[in-house]
Each structure stands twice: as C-alpha cells, then as structure tokens.
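> Provided herewith is a single structure, encoded as structure tokens, for subsequent inquiry.
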Amino acid sequence: MNVDRTPPSRSLGPATGCVALLVATRKGAFIFRSDKARRAWRVAGPMFFGHIVHHMVLDTRPNARGRRTLLAATSTGHLGPTIFRSTDLGRSWNEATRPPAFPKAATGQTARTVGHTFWLTPGYAGEPGVWYAGTSPQGLFRTEDDGESWSPVTGFNDHPMIERWTGGEKDGTPDGPKLHSINVDPRDPRHLYIAMSSGGVFESRDRGGSWRPLNAGVLADFMPDKYPEYGQDAHCVRLHPAAPDVLYQQNHCGIYRIERPGVEWQRIGDNMPKRIGDIGFPLVLHPRDPATLWVFPMDGGTVWPRTSPGGKPAAYMSRDAGRRWKRQDAGLPKSQGWFTVKRQAMSADAHEPVGVYFGTTGGELWATRNEGEKWTCVARHLPEIYAVEAAEVLR
Amino acid sequence: MRVFIPTPLRSYTGDRGEVEATGATVAEALRDLDARFPGIRFRMIDEQDAIRRHIRIWVNKDEARTLEASLVESDELIIFQALSGG
C-alpha cells in the first residue's frame, strides 16, 4: 500500500468556501449546500429514498480527489446492510462489492453478523483510500480502496477479550450495540482510538493489531464497579485535529476530557448547571481551538426521555476546556421543544466564526453562523435525522 | 429457472420482477443470481449463510428453510420480504 510518511499539511486556517451538510436520515440522505456566506442553502435529495442512512461522510483529506468522494452506510429494516460510494459528491452512487461483514464462523464459534454499519471515518491523510467503519454489533472494519471492499480489523474483532469488552445484547443501545467515534491520530496512522456503546474507549498504537482500554476516571453508574476498566457507555469521542493529544468524550455518565499521555479522564461536565446536567449524545470541537467545544444536553433522568431538558433545547459551549459553560439557545424554541440530537447529528464547519449544525429526531436541521450566538432553522419536515456532517466543498 | 424478485431488491435487477438463475440448490441459485446481479445476495443472506430475518424464500409452494433445499430446472424460486421498521 502507498503510504506517505510526510506529516499531513492540513491547513488550520479558516475555511472560506461553500459548506455542504451531509444529512443522513431514517428515510434517505440529503445534501444541503450553502453559498460562501452560509446564508442561503439549496438541497439535493432524497438519495437512497426509503433506506436508513446511518452516516454519510465526505473525504476531506488534503489529497482526496477534490473533496468529491462520499461514503454512505445504509440499511433497511428488511434487507441487509451495505455501503454506497460516490466520487462525484453524490450525483451518482455505486455499491461496495464487499461491505463490512464478519467472517463465517467455524463450528463452535460465536456467529456474528453485521446489523448495520454505523460510523465511517476517513483514514490518515497520507493513506489515500483508507477508511474505517464501525458496526452494530461492535465491529471494526477497514478499506484500502475507498470503500469498495472492506476487511475486518481482526486485532479488535477477534481479540480474546472482545466478548467481555463489548458485553452482551442487554448492554446495547435500543437499536443495537455500536462501535463509533473512530479517531485516527493525524500524526501517526498506527495510532487509533475507538469508542463503543457499550464497552467504552479503546486505543491501538499498531494500526489495530492490539488494543487496550482507556476508561480510567469515567463513571459507569449502571455497573456494580462504578469505575471499571471497560464497559462504559461512550456516546461520542472527538480527538482535536490541531492538538491530537486532547480528546473529549460525551458519555452516558457525563462529559470528560483527557490529555495524553495521561491515562485518566477528567469529568468536565460537573461544571454544567445542575438543573441541566451533563448527559447528551453529541460533542463537537472547534476546528482550531482545542479549548472550545459544544454539547447538546438531554434529559437523562427517570426513564431517560433523552429529549431536551424541560422541553427547552439549547447547546452549551465552553471556551476553556469545560471549566465554564455558556447556554446557547437564541433562535431555538423557548418551550415545548422536545429535541433529541443523536451522536452523529451535530458538527462544525471550519469558517471564522465557526458554523455549528445539528439535526433532530423530529426532522429539523438547525445552523448557526456565529459559533452558537444565534440559531436558525435550515429545514423542517425531514425524516428522523441520524447524522449531520459539515464539510467545505470546492464548488 | 424463474426467480421472482420483490420490489426492494429490484434496484439490482434493472427493475425486473422476474429473472433467471441456475443451480441445483437454493444456495447455488442465489450464488448464480449474485453473479448476474452483484450485491443482491448479501441483502438477503447474511455472512453466516443464514436467510435474513425478514426474507422468506419459496420453492414453488414450499418455503425453503435452509439454503441446502434442492432445485430442478422447472422450479420457481420466489423471494418474499416482510416490511419492517416503520
């Protein structure tokens, strides 16, 4: 395989081009494209109409083919899962010849089948064509040909501890346990982080050959041991592209930060207002400032409604790595707004000021052009939104 | 033999609801079908060679519970799928 060992020359300056929002929904996918001012949006879609689209991601690596290669992870309730690929920004699609799938089990072995591919992440910038996929149930897969054929990362999927790390079916999320938040260190293609619901966060330093848990300090209040080595319910983990030793985590049990080579997460969600709490699904990082992040809290009390606390939706932003949080609800409903924002359904662009975007389970797409100071609704009446990815497109 | 394709799988067959395949078993017929229409098999059969939960395969008027069910050229293979997921 062709590997460019030159450190990635990722530009960290603000973006100035048009933004594409890749919106994956329960009934198909849509692409919203802005003008350069990010004021006007036009929509293309639905694509894969009627299919569940779990994640749709654009390859924005500096060496990618003109920021036009897209992968989409799809399934339906009644057909098996697959991956679609586009090399023209969604105008045409071809199906992977070998979608993610576990190997055929030998007699006596546990037979695993991919229910759906949940998460897609482009690989290291110097490895064009490499992507990673996370599935439900928890599996890690890799492609070296831009999503055409996928192979299991056996160092993880067949690890002797895999059943203990991932737990049983009872530990999974309502529509199946998931492997998500695949983060590739931009300095080293061998250095990977993944997260699981359930299972927690794991790290590899040899391209997935071996793994170790990275969950110290993270609460698991649903376990007999409240701070176990593994078994936590990570909802979303983000590595900062400009400061790759800094990671943030939105967890079932709070918001956390870690700075490597440290091995213990610090709970920064304790600084959130007590009436709001620090439970949520998504977490979004500022593309240039490692101390700035956004979360979208939800109600994690009683039976876990998982909607905006009190029916008053708001993002919370911190500019100092979680010491202080600012409520950002201007433009959002003041009451009776029972949003749920899923873990893939919130992202940021790279403009100055940064644009932040989220999609709701009620099919609304919201945007801010000024880092959360004011929200506007870009679209209503879409199907249930599973994922929103913001990316700069060249034209 | 004739194979009847349900609407969710017709994106693979050029929108045709009836196609041809050959094989002495359901497994062989589905492999042949996949060679003619790449990708269609995995949507029906998982990686452990099990018929997916909402897919049902009939040989004439009898349901094939496994892929090893035998076929002759005059058989009709009828693929059904139950809608699910809301």
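If you're wondering about the labels, chains in the structure tokens are A, B, ... by order shown, residues count from 1 in each chain, ligands from 1 in order shown.
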Extract, using only C-alpha atoms, all DNA, RNA and protein residues at most 12 Å from Lys334 in chain A, discarding same-chain residues fewer than 3 positions from it, and format them as a count of residues only.

14

> Could you give me, as a count of residues only, the residues within 12 Å of range 20-32 of chain B, counting only C-alpha atoms and dropping anything in the same chain fewer than 3 positions from it?

43

> Considering only C-alpha atoms, extract the chain A residues located within 7 Å of chain B and return them as number ranges by chain.

A: 77-81, 97, 101-105, 111, 113

> Write out as a list in words which residues come within 10 Å of Ala20 in chain A when counting only C-alpha atoms, dropping same-chain ones fewer than 5 positions away.

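Result of the neighbour search: Phe30, Ile31, Phe32, Arg33, Ser34, Asp35, Arg38, Trp41, Arg42, Val43, Leu58, Leu89, Asp349, Val388, Glu389, Ala390, Ala391, Glu392, Val393, Leu394 and Arg395 of chain A.
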
> Please produce an output containing C-alpha atoms for each residue in the selection, written as an mmCIF file, in the first residue's frame.


data_model
loop_
_atom_site.group_PDB
_atom_site.id
_atom_site.type_symbol
_atom_site.label_atom_id
_atom_site.label_comp_id
_atom_site.auth_asym_id
_atom_site.auth_seq_id
_atom_site.Cartn_x
_atom_site.Cartn_y
_atom_site.Cartn_z
ATOM 1 C CA PHE A 30 -29.878 14.856 1.708
ATOM 2 C CA ILE A 31 -27.068 17.263 0.884
ATOM 3 C CA PHE A 32 -27.594 20.911 1.781
ATOM 4 C CA ARG A 33 -25.100 23.270 0.128
ATOM 5 C CA SER A 34 -24.580 26.860 1.181
ATOM 6 C CA ASP A 35 -23.348 29.963 -0.537
ATOM 7 C CA ARG A 38 -23.603 30.402 4.621
ATOM 8 C CA TRP A 41 -28.972 26.749 1.277
ATOM 9 C CA ARG A 42 -30.107 24.534 -1.545
ATOM 10 C CA VAL A 43 -30.910 20.895 -1.111
ATOM 11 C CA LEU A 58 -17.081 13.272 2.643
ATOM 12 C CA LEU A 89 -20.336 14.420 -4.500
ATOM 13 C CA ASP A 349 -17.512 23.780 9.760
ATOM 14 C CA VAL A 388 -25.139 15.628 10.106
ATOM 15 C CA GLU A 389 -21.626 16.142 8.796
ATOM 16 C CA ALA A 390 -20.409 19.589 7.773
ATOM 17 C CA ALA A 391 -17.671 19.827 5.155
ATOM 18 C CA GLU A 392 -16.231 22.514 2.938
ATOM 19 C CA VAL A 393 -16.714 21.835 -0.754
ATOM 20 C CA LEU A 394 -14.752 23.450 -3.522
ATOM 21 C CA ARG A 395 -17.728 24.342 -5.681
#

> Would you please extract all alpha helix (DSSP H) residues from range 30-230 of chain A, as assigned by DSSP on the backbone, and give them as a ChimeraX atom specification?

/A:154-157,162-166

> With distances taken over only C-alpha atoms, which of A:Thr376, A:Ser318, A:Ser347, A:Thr82 is nearest to Pro287 in chain A?

A:Ser347

> Compare A:Phe118, A:Leu71, A:Arg39, A:Phe202 by their minimum atom-to-atom distance to Glu95 in chain A, counting only C-alpha atoms, and give me the closest one.

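Closest to Glu95 in chain A of all the choices is A:Leu71.
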
> Go through A:Cys377, A:Ile258, A:Ala242, A:Val57 and flag the residue nearest Pro333 in chain A, using only C-alpha atoms for the distances.

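Looking at the shortest contact to Pro333 in chain A, the residue is A:Cys377.
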
> Need to verify the contact set: range 360-364 of chain A, 8 Å, only C-alpha atoms, exclusion of same-chain residues closer than 2 positions in sequence. Can you return it as a list in words?

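Non-adjacent residues within range: Phe339, Thr340, Val341, Lys342, Ala345, Phe358, Trp366, Cys377, Val378, Ala379, Arg380, His381, Leu382, Pro383, Glu384, Ile385 and Tyr386 of chain A.
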
> Could you go through range 323-376 of chain A and tell me which residues DSSP, when run on the backbone, assigns to strand (DSSP E), listing them as a PyMOL selection string?

chain A and resi 326-328+346-348+356-359+365-368+376

> Which polymer residues have any atom within 12 Å of an atom of His351 in chain A, counting only C-alpha atoms, with same-chain residues fewer than 3 positions away left out, as a ChimeraX atom specification?

/A:12-19,36-38,286-288,348,354-356,368-371,390-392

> What gap, in Å, lies between CA of Trp265 in chain A and CA of Pro244 in chain A?

15.1 Å
